Every structure is written in structure tokens, then in C-alpha cells.
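Chemist: Quick one: the structure is below, and I'll ask about it shortly.
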Amino acid sequence: MSSIFGALRRRVLTPSESETKLEKRGFHRKSPEAQEQLERIGRTFLEGYGYAVEAGSAAEAEEMLETVPRAYRGFAYEGAGMGAVVHDALPGHRGRLEGLLAGRGRHHVYMVYVGIGWAMARLPKVLWPDVRRTDPLLRWLILDGYGFHQAYFHTDRYVRTPHVRPPFSWAGGPDEYSARVIDQGIGRALWFVGGTDADVVADLIAAYPAHRRGDLYAGAGLAATYAGAADEEELRRFAERAGEHRLPLAQGSAFAAEARRKAGTTIAHTHLATKVLCGTTPERAAQVCIDRMPAAGGRDGVPAYEIWRREIASEIFSLSSSQKGADL
């Protein structure tokens with residue numbers, strides 16, 4: 001069981017639940033149902049964060065995380081990723097993140113890596129984990145989490161002034177590409193900022209410079225598939241608004257399908273979203289991600305992560321085109 005000190009760590013370090021309220025954040029409220037979905041995701045994230053900070057061990061945190069309803073468990077592990085890094089940054093504390101990933105957290109590895117980025121957004125740079133020890137391919141997801149956090153909590157700077165791009169530098173890769181992955185996290189946050197309203201989110205993306213919109217749509221596609229709260233008509237309208245950015249939108253959706261497949265948390269909305277955004281099933285979209293996963297490194301100066309994304313988008317396009325031809 002967690003100790004008194006663990007409970008104190010949780011009480012002191014856990015962000016306030018009020019920070020997840022759409023009204024508090026000034027986000028668009030489409031409907032009571034969409035609002036409740038997004039706020040429940042926020043509560044679940046904080047729940048997972050608290051488990052990782054409070055527990056006496058990674059195994060104990062895992063036991064608590066596994067009690068979260070399956071549809072929301074990934075969000076809890078995302079919060080736990082943040083909590084584990086914050087825990088390990090405290091004097092005399094270490095091993096929580098490593099233990100989390102060695103246990104059942106490995107099934108939620110994508111979400112845990114995103115959570116690391118949340119922690120980096122909150123901690124002084126001197127307390128950031130050594131990202132050079134993380135998976136060379138998946139470490140880019142850390143920046144997805146960082147970008148999401150910044151757009152979610154610093155919305156004026158990252159969303160409402162879209163022509164301003166705050167500088168960022170880290171040890172995980174080149175600054176130029178880092179900015180692009182941060183944009184993918186910002187795009188994921190825009191699904192929340194826009195309250196899952198397809199037109200509001202598309203309008204938010206349209207306000208950014210044209211060269212950033214593909215990455216923003218990739219992030220939004222991931223959120224639209226993983227977080228949900230949009231019906232088939234809304235998803236189709238969102239895909240139409242994406243226009244020339246349909247491929248990165250589909251790539252983001254496929255990433256979400258793979259994250260849920262790996263964790264065993266695929267739900268009905270996953271099927272709906274991948275049908276609309278990828279033109280295929282979540283199982284097939286996830287398999288494309290697995291099949292196209294490259295070895296560490298890059299090619300011609302292009303990071304392996306970006307090569308992965310491009311090849312996923314290309315394969316999803318081929319699958320969707322084949323399916324359309326078969327339906328004629």
C-alpha cells in the first residue's frame with residue numbers, strides 16, 4: 001500500500017482537477033456529451049498521474065492503473081508517464097519510469113512516452129530525464145506530449161497566436177524537426193481546444209501558417225480517433241476540411257489505432273474513426289504501423305520517425321484507394 005509520504009507526494013504534486021474543465025480553460029463546448037468526454041479524459045489523466053506519484057513502487061502503481069475502465073486506461077497510463085518522471089526527479093527517488101515501462105506499461109508505451117513530454121513541460125530543464133536513453137524511434141512521442149501540454153495550458157501563446165512558434169531545443173534530435181513534432185502535439189490538443197467540433201478545430205488549424213497544417217492535422221487525427229466524441233458525419237466533414245492534408249490526418253488516425261491495439265483498448269469509436277479517416281479497419285490501420293516501423297536511425301537526413309509517418313500515410317492511401325475501387 002502507498003505510504004503516508006506517498007499520499008503527501010500526490011496531494012502536493014497533482015495538478016488541480018479544475019484545470020481540466022473546458023470552461024476553466026476557455027475551450028469550445030460543443031455539447032454536454034462531448035464536454036463530459038473531454039473532462040473525463042482529463043480526470044483520468046490526473047488519476048493516473050496521482051497513482052504513479054503516490055504508489056510505493058511501480059508494481060503498486062500498475063495495480064491501480066489496471067482498475068481504470070479499459071476505454072480510458074490509456075489516458076491513465078499517459079498521466080502515469082508524467083507522474084513517473086516527476087517522481088524520479090525528486091531527491092532520493094528513481095526507477096519509477098523504468099519500472100512502469102518494464103511492467104504492463106509496456107503495452108501503453110506510446111502513451112507513457114507522451115506523458116514524459118508533459119513532465120518536461122512542467123519541470124526545469126535541469127530535471128528533464130535523459131532522453132538519449134529512450135527508444136530512438138519512439139522518443140519523438142515525448143515532444144508530442146510536450147506540444148499537447150503547451151497548447152492545452154498555454155493556449156494564448158500556442159493556439160491564439162498561431163503565427164508565433166516558441167523556440168525549443170533538446171538532446172533528442174534536431175530543432176527543426178522537433179518543432180514539427182511539437183506541432184503534432186499541438187494539433188492533438190486542438191481537438192480539445194475546439195471541443196471536438198470538426199469545424200471549430202479545422203478553423204483553428206487554418207489560422208496557422210500553411211507549412212504547419214499537415215502536422216497539426218496529423219495530431220488532430222490521432223485525437224479524433226483515440227479520444228473520440230464525434231459522430232460519422234462530423235468526422236467526414238473534418239476529413240473534407242483537411243483537404244490536401246488528408247494523408248497526415250489518416251496517418252494520425254492510424255497511430256491512434258495502433259496505440260489502442262497494442263494496449264488491448266480498441267473501442268467502437270476506433271472502428272468508426274478509422275473507417276472514415278483511414279478508409280479501413282483499426283486492425284488493418286494498426287498493422288500498417290507495425291509493418292512500416294523502421295529501424296533506428298534515418299535516411300538522407302530524415303529522422304526515422306518521419307520516414308515511418310510518411311510510409312504509413314502512403315500505405316493507408318493505397319488501402320483506401322483499393323477499397324474505393326472495390327466498392328465501385
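Labeling convention for the C-alpha cells: chains A, B, ... as they appear, residues from 1 per chain, ligands from 1 in order of appearance.
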Give me the residues near A:Leu100 as an mmCIF file with all heavy atoms, in the first residue's frame, where near means some atom within 7 Å (using only C-alpha atoms) and where sequence neighbours in that chain fewer than 4 positions away do not count.

Modeler:
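The result, written out as result.cif:
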```
data_model
loop_
_atom_site.group_PDB
_atom_site.id
_atom_site.type_symbol
_atom_site.label_atom_id
_atom_site.label_comp_id
_atom_site.auth_asym_id
_atom_site.auth_seq_id
_atom_site.Cartn_x
_atom_site.Cartn_y
_atom_site.Cartn_z
ATOM 1 N N ALA A 58 6.532 0.840 -8.662
ATOM 2 C CA ALA A 58 5.926 0.817 -9.986
ATOM 3 C C ALA A 58 4.871 -0.277 -10.076
ATOM 4 O O ALA A 58 3.823 -0.096 -10.704
ATOM 5 C CB ALA A 58 7.007 0.608 -11.049
ATOM 6 N N ARG A 96 11.008 4.805 -11.178
ATOM 7 C CA ARG A 96 9.561 4.661 -11.381
ATOM 8 C C ARG A 96 9.215 4.543 -12.860
ATOM 9 O O ARG A 96 8.412 3.695 -13.251
ATOM 10 C CB ARG A 96 8.842 5.847 -10.734
ATOM 11 C CG ARG A 96 7.311 5.808 -10.753
ATOM 12 C CD ARG A 96 6.742 4.560 -10.054
ATOM 13 N NE ARG A 96 7.306 4.303 -8.756
ATOM 14 C CZ ARG A 96 6.842 4.806 -7.603
ATOM 15 N NH1 ARG A 96 5.812 5.636 -7.620
ATOM 16 N NH2 ARG A 96 7.398 4.463 -6.452
ATOM 17 N N GLY A 105 2.893 -1.349 -18.323
ATOM 18 C CA GLY A 105 3.010 -0.077 -19.013
ATOM 19 C C GLY A 105 3.614 -0.219 -20.397
ATOM 20 O O GLY A 105 3.431 0.657 -21.250
#
```

Chemist: List every residue of stretch 57-150 of chain A that has an atom at most 12 Å from any atom of stretch 286-302 of chain A, and for each one report the closest atom pair and its distance in Å to one decimal, counting only C-alpha atoms, with rows sorted by chain and then by increasing residue number, as JSON lines.

Modeler:
```
{"residue": "A:Thr134", "atom": "CA", "partner": "A:Ala296", "partner_atom": "CA", "distance": 11.6}
{"residue": "A:Asp135", "atom": "CA", "partner": "A:Ala296", "partner_atom": "CA", "distance": 8.4}
{"residue": "A:Pro136", "atom": "CA", "partner": "A:Ala296", "partner_atom": "CA", "distance": 5.9}
{"residue": "A:Leu137", "atom": "CA", "partner": "A:Ala296", "partner_atom": "CA", "distance": 5.9}
{"residue": "A:Leu138", "atom": "CA", "partner": "A:Ala296", "partner_atom": "CA", "distance": 9.5}
{"residue": "A:Arg139", "atom": "CA", "partner": "A:Ala296", "partner_atom": "CA", "distance": 10.9}
{"residue": "A:Trp140", "atom": "CA", "partner": "A:Ala296", "partner_atom": "CA", "distance": 11.9}
```

Chemist: Neighbouring residues of A:Lys262 were defined as those with any atom within 9 Å, considering only C-alpha atoms; residues of the same chain fewer than 2 positions away were excluded. Please report them as a ChimeraX atom specification.

Modeler: /A:107-109,257-260,264-266,286

Chemist: Just N, CA and C atoms for this one: save the residues we selected as a PDB file, in the first residue's frame.

Modeler:
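Contents of selection.pdb, as written:
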```
ATOM      1  N   HIS A 107       2.639  -2.107 -22.633  1.00  0.00           N
ATOM      2  CA  HIS A 107       1.546  -2.201 -23.599  1.00  0.00           C
ATOM      3  C   HIS A 107       0.994  -0.810 -23.944  1.00  0.00           C
ATOM      4  N   HIS A 108       1.277   0.150 -23.078  1.00  0.00           N
ATOM      5  CA  HIS A 108       0.836   1.533 -23.292  1.00  0.00           C
ATOM      6  C   HIS A 108       2.045   2.425 -23.549  1.00  0.00           C
ATOM      7  N   VAL A 109       3.093   1.861 -24.160  1.00  0.00           N
ATOM      8  CA  VAL A 109       4.357   2.584 -24.286  1.00  0.00           C
ATOM      9  C   VAL A 109       4.199   3.904 -25.021  1.00  0.00           C
ATOM     10  N   ALA A 257      -5.026   4.028 -33.762  1.00  0.00           N
ATOM     11  CA  ALA A 257      -5.494   2.644 -33.853  1.00  0.00           C
ATOM     12  C   ALA A 257      -4.435   1.686 -33.325  1.00  0.00           C
ATOM     13  N   GLU A 258      -3.179   1.942 -33.659  1.00  0.00           N
ATOM     14  CA  GLU A 258      -2.099   1.078 -33.184  1.00  0.00           C
ATOM     15  C   GLU A 258      -1.910   1.207 -31.668  1.00  0.00           C
ATOM     16  N   ALA A 259      -2.029   2.428 -31.135  1.00  0.00           N
ATOM     17  CA  ALA A 259      -1.888   2.610 -29.691  1.00  0.00           C
ATOM     18  C   ALA A 259      -2.964   1.837 -28.941  1.00  0.00           C
ATOM     19  N   ARG A 260      -4.177   1.866 -29.455  1.00  0.00           N
ATOM     20  CA  ARG A 260      -5.256   1.124 -28.786  1.00  0.00           C
ATOM     21  C   ARG A 260      -5.113  -0.382 -29.001  1.00  0.00           C
ATOM     22  N   GLY A 264      -4.765  -3.216 -26.113  1.00  0.00           N
ATOM     23  CA  GLY A 264      -5.988  -4.005 -25.978  1.00  0.00           C
ATOM     24  C   GLY A 264      -7.174  -3.161 -25.562  1.00  0.00           C
ATOM     25  N   THR A 265      -7.217  -1.899 -26.018  1.00  0.00           N
ATOM     26  CA  THR A 265      -8.298  -0.991 -25.613  1.00  0.00           C
ATOM     27  C   THR A 265      -9.112  -0.476 -26.797  1.00  0.00           C
ATOM     28  N   THR A 266      -9.081  -1.178 -27.917  1.00  0.00           N
ATOM     29  CA  THR A 266      -9.868  -0.764 -29.078  1.00  0.00           C
ATOM     30  C   THR A 266     -11.351  -0.742 -28.719  1.00  0.00           C
ATOM     31  N   ALA A 286      -3.652  -0.409 -37.804  1.00  0.00           N
ATOM     32  CA  ALA A 286      -2.603  -0.694 -36.826  1.00  0.00           C
ATOM     33  C   ALA A 286      -1.515  -1.572 -37.425  1.00  0.00           C
TER      34      ALA A 286
END
```

Chemist: Mind pulling up the distance from atom CA of A:Ile267 to atom CA of A:Ala71?

Modeler: 6.6 Å

Chemist: Given only C-alpha atoms as the basis, pick out the residue of A:Ala59, A:Val193, A:Val86, A:Ala179 nearest to A:Asp156.

Modeler: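 For A:Asp156, the nearest of the given residues is A:Val193.
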
Chemist: When DSSP is applied to the backbone of this structure, which of stretch 64-281 of chain A are assigned alpha helix (DSSP H)? Write them out as number ranges by chain.

Modeler: A: 64-65, 73-89, 96-102, 109-122, 140-153, 155-158, 175-193, 198-206, 213-226, 232-242, 246-263, 268-277

Chemist: Just want the 12 Å neighbourhood of A:Leu46, counted on only C-alpha atoms, with same-chain residues fewer than 4 positions away dropped. Output as a tab-separated table (two decimals) with N, CA and C atoms, in the first residue's frame.

Modeler:
```tsv
chain	number	residue	atom	x	y	z
A	10	ARG	N	1.37	12.86	-3.60
A	10	ARG	CA	0.26	13.01	-4.55
A	10	ARG	C	-0.50	14.30	-4.30
A	11	ARG	N	-0.76	14.61	-3.04
A	11	ARG	CA	-1.52	15.81	-2.69
A	11	ARG	C	-0.79	17.08	-3.13
A	13	LEU	N	1.80	17.32	-5.44
A	13	LEU	CA	2.29	17.38	-6.81
A	13	LEU	C	1.21	17.26	-7.88
A	14	THR	N	0.02	16.75	-7.54
A	14	THR	CA	-1.01	16.53	-8.55
A	14	THR	C	-1.67	17.84	-8.95
A	15	PRO	N	-1.73	18.13	-10.25
A	15	PRO	CA	-2.44	19.34	-10.71
A	15	PRO	C	-3.91	19.29	-10.29
A	16	SER	N	-4.53	20.44	-10.16
A	16	SER	CA	-5.93	20.53	-9.75
A	16	SER	C	-6.85	20.00	-10.84
A	17	GLU	N	-7.87	19.26	-10.43
A	17	GLU	CA	-8.85	18.74	-11.39
A	17	GLU	C	-9.58	19.88	-12.09
A	18	SER	N	-9.70	21.03	-11.43
A	18	SER	CA	-10.39	22.16	-12.05
A	18	SER	C	-9.69	22.61	-13.33
A	19	GLU	N	-8.39	22.29	-13.45
A	19	GLU	CA	-7.63	22.69	-14.64
A	19	GLU	C	-8.07	21.92	-15.89
A	20	THR	N	-8.85	20.86	-15.71
A	20	THR	CA	-9.31	20.07	-16.85
A	20	THR	C	-10.70	20.49	-17.32
A	39	GLU	N	-13.62	16.11	-20.41
A	39	GLU	CA	-13.30	16.34	-19.00
A	39	GLU	C	-13.02	15.03	-18.27
A	40	ARG	N	-13.69	13.96	-18.68
A	40	ARG	CA	-13.40	12.66	-18.07
A	40	ARG	C	-11.99	12.21	-18.44
A	41	ILE	N	-11.60	12.47	-19.67
A	41	ILE	CA	-10.23	12.15	-20.08
A	41	ILE	C	-9.24	12.90	-19.20
A	42	GLY	N	-9.50	14.18	-18.96
A	42	GLY	CA	-8.62	14.96	-18.10
A	42	GLY	C	-8.56	14.41	-16.69
A	50	GLY	N	-1.57	10.68	-10.40
A	50	GLY	CA	-1.56	10.50	-8.95
A	50	GLY	C	-1.11	9.12	-8.53
A	51	TYR	N	-1.55	8.09	-9.25
A	51	TYR	CA	-1.13	6.73	-8.92
A	51	TYR	C	0.39	6.59	-9.01
A	52	ALA	N	0.99	7.13	-10.07
A	52	ALA	CA	2.43	6.99	-10.26
A	52	ALA	C	3.22	7.74	-9.20
A	53	VAL	N	2.69	8.86	-8.75
A	53	VAL	CA	3.38	9.66	-7.74
A	53	VAL	C	3.20	9.08	-6.34
A	54	GLU	N	2.00	8.57	-6.05
A	54	GLU	CA	1.67	8.12	-4.70
A	54	GLU	C	2.18	6.72	-4.39
A	65	LEU	N	-3.53	1.37	-11.80
A	65	LEU	CA	-3.81	1.76	-13.18
A	65	LEU	C	-4.70	0.75	-13.89
A	68	VAL	N	-8.59	1.13	-13.90
A	68	VAL	CA	-9.25	2.15	-14.72
A	68	VAL	C	-10.02	1.46	-15.85
A	72	TYR	N	-10.59	4.06	-21.06
A	72	TYR	CA	-9.87	5.25	-20.60
A	72	TYR	C	-8.50	4.94	-20.03
A	73	ARG	N	-8.14	3.66	-20.01
A	73	ARG	CA	-6.90	3.25	-19.33
A	73	ARG	C	-5.66	3.88	-19.96
A	75	PHE	N	-5.30	6.83	-21.15
A	75	PHE	CA	-5.12	8.18	-20.63
A	75	PHE	C	-4.51	8.14	-19.22
A	76	ALA	N	-4.89	7.13	-18.45
A	76	ALA	CA	-4.31	6.97	-17.11
A	76	ALA	C	-2.83	6.66	-17.21
A	77	TYR	N	-2.45	5.81	-18.15
A	77	TYR	CA	-1.03	5.49	-18.33
A	77	TYR	C	-0.26	6.71	-18.86
A	78	GLU	N	-0.91	7.53	-19.65
A	78	GLU	CA	-0.27	8.77	-20.10
A	78	GLU	C	0.04	9.65	-18.90
A	79	GLY	N	-0.95	9.80	-18.01
A	79	GLY	CA	-0.71	10.56	-16.79
A	79	GLY	C	0.35	9.92	-15.92
A	80	ALA	N	0.37	8.59	-15.89
A	80	ALA	CA	1.37	7.88	-15.09
A	80	ALA	C	2.77	8.12	-15.64
A	81	GLY	N	2.89	8.24	-16.97
A	81	GLY	CA	4.20	8.56	-17.55
A	81	GLY	C	4.71	9.89	-17.03
A	82	MET	N	3.83	10.88	-16.98
A	82	MET	CA	4.20	12.17	-16.42
A	82	MET	C	4.55	12.03	-14.94
A	83	GLY	N	3.69	11.34	-14.20
A	83	GLY	CA	3.91	11.18	-12.77
A	83	GLY	C	5.20	10.45	-12.46
A	115	GLY	N	3.41	11.02	-22.00
A	115	GLY	CA	3.39	11.55	-20.64
A	115	GLY	C	4.73	12.12	-20.20
A	118	TRP	N	4.79	15.68	-21.06
A	118	TRP	CA	4.05	16.51	-20.11
A	118	TRP	C	4.96	16.91	-18.94
```

Chemist: Can you pull out every residue within 9 Å of A:Ala171, counting only C-alpha atoms, but drop anything in the same chain fewer than 2 positions away, and send it as a count of residues only?

Modeler: 6

Chemist: Compare A:Ser178, A:Thr270, A:Gln35, A:Ser253 by their minimum atom-to-atom distance to A:Pro303, counting only C-alpha atoms, and give me the closest one.

Modeler: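 When distances to A:Pro303 are compared using only C-alpha atoms, the smallest one comes from A:Ser178.
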
Chemist: If we count only C-alpha atoms and set the cut-off at 7 Å, which residues sit around stretch 180-186 of chain A, ignoring sequence neighbours fewer than 6 positions away in its own chain? Please answer as an mmCIF file with N, CA, C and O atoms, in the first residue's frame.

Modeler:
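See part08.cif below for the written result:
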```cif
data_model
loop_
_atom_site.group_PDB
_atom_site.id
_atom_site.type_symbol
_atom_site.label_atom_id
_atom_site.label_comp_id
_atom_site.auth_asym_id
_atom_site.auth_seq_id
_atom_site.Cartn_x
_atom_site.Cartn_y
_atom_site.Cartn_z
ATOM 1 N N TRP A 140 10.314 10.545 -30.096
ATOM 2 C CA TRP A 140 9.659 11.722 -30.667
ATOM 3 C C TRP A 140 8.269 11.930 -30.082
ATOM 4 O O TRP A 140 7.758 13.059 -30.058
ATOM 5 N N LEU A 143 7.859 14.657 -27.538
ATOM 6 C CA LEU A 143 7.582 16.019 -27.982
ATOM 7 C C LEU A 143 6.117 16.204 -28.339
ATOM 8 O O LEU A 143 5.582 17.314 -28.231
ATOM 9 N N ASP A 144 5.444 15.146 -28.755
ATOM 10 C CA ASP A 144 4.004 15.207 -28.966
ATOM 11 C C ASP A 144 3.329 15.582 -27.644
ATOM 12 O O ASP A 144 2.451 16.451 -27.602
ATOM 13 N N GLY A 145 3.761 14.934 -26.568
ATOM 14 C CA GLY A 145 3.199 15.250 -25.259
ATOM 15 C C GLY A 145 3.526 16.660 -24.814
ATOM 16 O O GLY A 145 2.686 17.361 -24.235
ATOM 17 N N TYR A 146 4.740 17.095 -25.094
ATOM 18 C CA TYR A 146 5.156 18.452 -24.748
ATOM 19 C C TYR A 146 4.286 19.475 -25.486
ATOM 20 O O TYR A 146 3.790 20.437 -24.886
ATOM 21 N N GLY A 147 4.089 19.261 -26.782
ATOM 22 C CA GLY A 147 3.281 20.178 -27.566
ATOM 23 C C GLY A 147 1.838 20.217 -27.101
ATOM 24 O O GLY A 147 1.220 21.291 -27.045
ATOM 25 N N PHE A 148 1.290 19.036 -26.767
ATOM 26 C CA PHE A 148 -0.083 18.988 -26.266
ATOM 27 C C PHE A 148 -0.192 19.823 -24.998
ATOM 28 O O PHE A 148 -1.108 20.639 -24.844
ATOM 29 N N ALA A 151 -0.101 23.645 -25.652
ATOM 30 C CA ALA A 151 -1.315 24.167 -26.267
ATOM 31 C C ALA A 151 -2.496 24.106 -25.309
ATOM 32 O O ALA A 151 -3.374 24.981 -25.331
ATOM 33 N N ASP A 215 1.137 18.746 -40.081
ATOM 34 C CA ASP A 215 1.457 18.163 -38.777
ATOM 35 C C ASP A 215 0.327 18.385 -37.780
ATOM 36 O O ASP A 215 0.035 17.514 -36.945
ATOM 37 N N LEU A 216 -0.331 19.535 -37.860
ATOM 38 C CA LEU A 216 -1.459 19.814 -36.972
ATOM 39 C C LEU A 216 -2.610 18.853 -37.248
ATOM 40 O O LEU A 216 -3.242 18.326 -36.310
ATOM 41 N N ALA A 218 -2.292 15.868 -38.485
ATOM 42 C CA ALA A 218 -1.875 14.542 -38.020
ATOM 43 C C ALA A 218 -2.204 14.377 -36.544
ATOM 44 O O ALA A 218 -2.742 13.343 -36.122
ATOM 45 N N GLY A 219 -1.890 15.380 -35.750
ATOM 46 C CA GLY A 219 -2.202 15.309 -34.330
ATOM 47 C C GLY A 219 -3.690 15.292 -34.068
ATOM 48 O O GLY A 219 -4.184 14.531 -33.223
#
```

Chemist: In terms of the shortest atom-to-atom distance over only C-alpha atoms, which of A:Phe192, A:Tyr49, A:Tyr177, A:Tyr208 is closest to A:Glu36?

Modeler: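 When distances to A:Glu36 are compared using only C-alpha atoms, the smallest one comes from A:Phe192.
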
Chemist: When you draw a straight line from atom CA of A:Pro166 to atom CA of A:Asp203, how long is it in Å?

Modeler: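 Atom CA of A:Pro166 sits 21.1 Å away from atom CA of A:Asp203.
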
Chemist: Just list as a count of residues only whatever in stretch 74-306 of chain A DSSP marks as strand (DSSP E or B).

Modeler: 4

Chemist: Would you mind reading off the distance between atom CA of A:Ala254 and atom CA of A:Pro129, one decimal, in Å?

Modeler: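 Straight-line distance from atom CA of A:Ala254 to atom CA of A:Pro129 works out to 28.4 Å.
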
Chemist: Show me, as a PDB file with all heavy atoms, in the first residue's frame, the residues that have an atom within 8 Å of A:Val276 when counting only C-alpha atoms, minus same-chain residues fewer than 2 positions from it.

Modeler:
```
ATOM      1  N   GLU A 232     -20.121  10.102 -37.164  1.00  0.00           N
ATOM      2  CA  GLU A 232     -19.621   9.841 -38.518  1.00  0.00           C
ATOM      3  C   GLU A 232     -19.701  11.076 -39.409  1.00  0.00           C
ATOM      4  O   GLU A 232     -18.770  11.385 -40.151  1.00  0.00           O
ATOM      5  CB  GLU A 232     -20.388   8.684 -39.152  1.00  0.00           C
ATOM      6  CG  GLU A 232     -19.862   8.305 -40.522  1.00  0.00           C
ATOM      7  CD  GLU A 232     -20.433   6.998 -41.038  1.00  0.00           C
ATOM      8  OE1 GLU A 232     -21.161   6.314 -40.286  1.00  0.00           O
ATOM      9  OE2 GLU A 232     -20.133   6.651 -42.205  1.00  0.00           O
ATOM     10  N   LEU A 235     -16.911  13.490 -38.489  1.00  0.00           N
ATOM     11  CA  LEU A 235     -15.607  13.001 -38.930  1.00  0.00           C
ATOM     12  C   LEU A 235     -15.445  13.169 -40.439  1.00  0.00           C
ATOM     13  O   LEU A 235     -14.366  13.535 -40.919  1.00  0.00           O
ATOM     14  CB  LEU A 235     -15.427  11.540 -38.526  1.00  0.00           C
ATOM     15  CG  LEU A 235     -15.264  11.283 -37.024  1.00  0.00           C
ATOM     16  CD1 LEU A 235     -15.365   9.795 -36.722  1.00  0.00           C
ATOM     17  CD2 LEU A 235     -13.931  11.833 -36.518  1.00  0.00           C
ATOM     18  N   ARG A 236     -16.501  12.912 -41.186  1.00  0.00           N
ATOM     19  CA  ARG A 236     -16.418  13.081 -42.641  1.00  0.00           C
ATOM     20  C   ARG A 236     -16.218  14.557 -43.000  1.00  0.00           C
ATOM     21  O   ARG A 236     -15.459  14.881 -43.917  1.00  0.00           O
ATOM     22  CB  ARG A 236     -17.685  12.536 -43.311  1.00  0.00           C
ATOM     23  CG  ARG A 236     -17.797  11.022 -43.236  1.00  0.00           C
ATOM     24  CD  ARG A 236     -18.831  10.464 -44.190  1.00  0.00           C
ATOM     25  NE  ARG A 236     -18.958   9.019 -44.014  1.00  0.00           N
ATOM     26  CZ  ARG A 236     -18.092   8.132 -44.502  1.00  0.00           C
ATOM     27  NH1 ARG A 236     -17.052   8.561 -45.201  1.00  0.00           N
ATOM     28  NH2 ARG A 236     -18.269   6.839 -44.296  1.00  0.00           N
ATOM     29  N   ALA A 239     -12.610  15.410 -42.336  1.00  0.00           N
ATOM     30  CA  ALA A 239     -11.746  14.905 -43.406  1.00  0.00           C
ATOM     31  C   ALA A 239     -11.844  15.790 -44.642  1.00  0.00           C
ATOM     32  O   ALA A 239     -10.846  16.067 -45.315  1.00  0.00           O
ATOM     33  CB  ALA A 239     -12.123  13.463 -43.739  1.00  0.00           C
ATOM     34  N   LEU A 272     -15.153   3.347 -35.976  1.00  0.00           N
ATOM     35  CA  LEU A 272     -15.802   4.409 -36.736  1.00  0.00           C
ATOM     36  C   LEU A 272     -14.777   5.381 -37.309  1.00  0.00           C
ATOM     37  O   LEU A 272     -14.814   5.719 -38.504  1.00  0.00           O
ATOM     38  CB  LEU A 272     -16.786   5.163 -35.836  1.00  0.00           C
ATOM     39  CG  LEU A 272     -17.414   6.422 -36.439  1.00  0.00           C
ATOM     40  CD1 LEU A 272     -18.253   6.071 -37.654  1.00  0.00           C
ATOM     41  CD2 LEU A 272     -18.244   7.155 -35.389  1.00  0.00           C
ATOM     42  N   ALA A 273     -13.860   5.834 -36.470  1.00  0.00           N
ATOM     43  CA  ALA A 273     -12.904   6.857 -36.900  1.00  0.00           C
ATOM     44  C   ALA A 273     -11.951   6.345 -37.972  1.00  0.00           C
ATOM     45  O   ALA A 273     -11.660   7.047 -38.941  1.00  0.00           O
ATOM     46  CB  ALA A 273     -12.123   7.377 -35.702  1.00  0.00           C
ATOM     47  N   THR A 274     -11.449   5.129 -37.825  1.00  0.00           N
ATOM     48  CA  THR A 274     -10.539   4.613 -38.847  1.00  0.00           C
ATOM     49  C   THR A 274     -11.275   4.327 -40.151  1.00  0.00           C
ATOM     50  O   THR A 274     -10.707   4.485 -41.240  1.00  0.00           O
ATOM     51  CB  THR A 274      -9.807   3.343 -38.370  1.00  0.00           C
ATOM     52  OG1 THR A 274     -10.764   2.378 -37.924  1.00  0.00           O
ATOM     53  CG2 THR A 274      -8.843   3.658 -37.243  1.00  0.00           C
ATOM     54  N   CYS A 278      -9.304   6.678 -42.308  1.00  0.00           N
ATOM     55  CA  CYS A 278      -8.305   5.825 -42.971  1.00  0.00           C
ATOM     56  C   CYS A 278      -8.897   4.990 -44.093  1.00  0.00           C
ATOM     57  O   CYS A 278      -8.160   4.429 -44.911  1.00  0.00           O
ATOM     58  CB  CYS A 278      -7.649   4.884 -41.960  1.00  0.00           C
ATOM     59  SG  CYS A 278      -6.729   5.694 -40.647  1.00  0.00           S
ATOM     60  N   GLY A 279     -10.207   4.853 -44.100  1.00  0.00           N
ATOM     61  CA  GLY A 279     -10.838   4.030 -45.119  1.00  0.00           C
ATOM     62  C   GLY A 279     -10.599   2.548 -44.914  1.00  0.00           C
ATOM     63  O   GLY A 279     -10.691   1.765 -45.865  1.00  0.00           O
ATOM     64  N   THR A 280     -10.324   2.153 -43.671  1.00  0.00           N
ATOM     65  CA  THR A 280     -10.077   0.745 -43.388  1.00  0.00           C
ATOM     66  C   THR A 280     -10.406   0.455 -41.928  1.00  0.00           C
ATOM     67  O   THR A 280     -10.899   1.326 -41.206  1.00  0.00           O
ATOM     68  CB  THR A 280      -8.610   0.383 -43.697  1.00  0.00           C
ATOM     69  OG1 THR A 280      -8.451  -1.044 -43.634  1.00  0.00           O
ATOM     70  CG2 THR A 280      -7.642   1.043 -42.734  1.00  0.00           C
TER      71      THR A 280
END
```
